[in-house]
Amino acid sequence: MSDAKRFLDPLSLFPGELSEFMESLNQPAWRGKQIFSWLHRGAKSFDEMTDLPKNLRERLNIDFSVEAPFEVERLQSRDGTQKILWELADGERVESALMQYETGTSLCVSTQAGCRQGCSFCASCASGLARNLTAGEILGQVLRCRTQINRLVIMGMGEPLDNFENTTRFLRLVSHPEGKKLSLRNISISTCGLVPEIDRLSLLGMPVTLSVSLHAPDDETRRKIMPIAKKYPIDALIASCKHYFQNTRRRISYEYVMLKGINDTDIHARKLNRLLAGQTGHINLIPYNPVYPRPYQPSDPDRIRIFARQLSCCDVTVRRTLGSDINAACGQLAAKRNL
């Protein structure tokens, strides 16, 4: 593989950047827009770009690759959810999940191979962080999923805001008017609570929904299960969330995984009410999906219902569990390298 092939990632480039590159090859600038259009229609090689001169296609195929990510395996759950295992150009592997709802299809994409945040209930952290994905590698999961999607959730492997530049570039690419044109309002981005990066995201003016992995109503409980809480206390996180809403007018979704005997008591419910009182947000209670060899157990269904009824601070929903029989549910994406 040539140096150029290692360092140029065509899927990560905007039309203007591709046009500049075409000019460096003594080609018309508008060739860049042609290539962008082909890539965002799912082309996996330059040979498919039949309106490019043959000699240009041959040259590009020698020096550059647009094939990755490669689909290695696709599993289907009893409920219709699909888990897709991707292999990247360097052999790293990540997973995506396609979920079917009455309102359409959602795709959950990964932004990192592994994760370094260390949340004790999550499979993605099992072997730490291998590397960040490029914007093109994140986009490739969308372009190669072979399904028309209505909604995108950036909640797969990795902490999206720990890969801030590539994740935000991906957001601009997937919503580009000459590409997939996916509305940013139909995209949710998850974070375990990287306060400075939440503030950076709020300043970009992107109307994406922020999903905050809260999972506890107080610092003491949160620090036991989420190392990030030792760096950013819960008051700082909530203040950052308020700032995000003020800048974007998009209400926050507070994710709360229900762990039996850990964060699901009446006391925790009362604390959560006090913490989020007056917030323009939504609480999403998530039945825990067991991850071997994590020590946690899911809260009993009756306990989840009681907990939900005690919350009066915000709208509350209980997330429907999809794909757990193929380890594609929330918190279970890991890719085989991590298991």
# chains A, B, ... in the order shown; residues from 1 in each chain; ligands from 1
$ select_by_dssp --residues "segment 17-178 of chain A" --states "alpha helix (DSSP H)" --output "ChimeraX atom specification"
/A:17-24,30-40,54-63,135-143,164-174
$ residues_around --residues "Gly179 of chain A" --least-positions-apart "3" --cutoff "9 Å" --atoms "only C-alpha atoms" --output "list in words"
Phe36, Ser37, Leu39, His40, Arg41, Leu173, Val174, Ser175, His176 and Leu182 of chain A
$ select_by_dssp --residues "segment 45-100 of chain A" --states "strand (DSSP E or B)" --output "PyMOL selection string"
chain A and resi 70-76+82-87+93-100
$ residues_around --residues "segment 274-289 of chain A" --least-positions-apart "5" --cutoff "7 Å" --atoms "only C-alpha atoms" --output "ChimeraX atom specification"
/A:217,251-259,298-299,313-319,324,329-331
$ closest_residue --among "A:Arg303, A:Arg116, A:His215, A:Arg131" --to "Glu159 of chain A" --atoms "only C-alpha atoms"
A:Arg116
$ closest_residue --among "A:Arg93, A:Arg78, A:Arg250, A:Arg144" --to "Lys44 of chain A" --atoms "only C-alpha atoms"
A:Arg144
$ closest_residue --among "A:Leu184, A:Gln27, A:Pro53, A:Ser45" --to "Ser65 of chain A" --atoms "only C-alpha atoms"
A:Ser45
$ closest_residue --among "A:Asp302, A:Asp235, A:Asp79, A:Glu220" --to "Asp264 of chain A" --atoms "only C-alpha atoms"
A:Asp302
$ closest_atom_pairs --of "segment 136-244 of chain A" --to "segment 98-115 of chain A" --cutoff "7 Å" --atoms "only C-alpha atoms" --output "tab-separated table"
residue	atom	partner	partner_atom	distance
A:Ile138	CA	A:Thr111	CA	6.0
A:Gln141	CA	A:Val109	CA	6.6
A:Ile149	CA	A:Thr105	CA	5.0
A:Asn150	CA	A:Thr105	CA	5.4
A:Arg151	CA	A:Ser106	CA	4.6
A:Leu152	CA	A:Leu107	CA	5.0
A:Val153	CA	A:Cys108	CA	4.7
A:Ile154	CA	A:Val109	CA	5.2
A:Met155	CA	A:Cys108	CA	5.9
A:Gly156	CA	A:Ser110	CA	4.1
A:Met157	CA	A:Ser110	CA	4.5
A:Gly158	CA	A:Cys115	CA	4.5
A:Glu159	CA	A:Cys115	CA	6.5
A:Pro160	CA	A:Thr111	CA	5.6
A:Thr167	CA	A:Thr111	CA	6.9
$ closest_residue --among "A:Ile198, A:Ser12, A:Asp63, A:Asp218" --to "Phe245 of chain A" --atoms "only C-alpha atoms"
A:Ile198
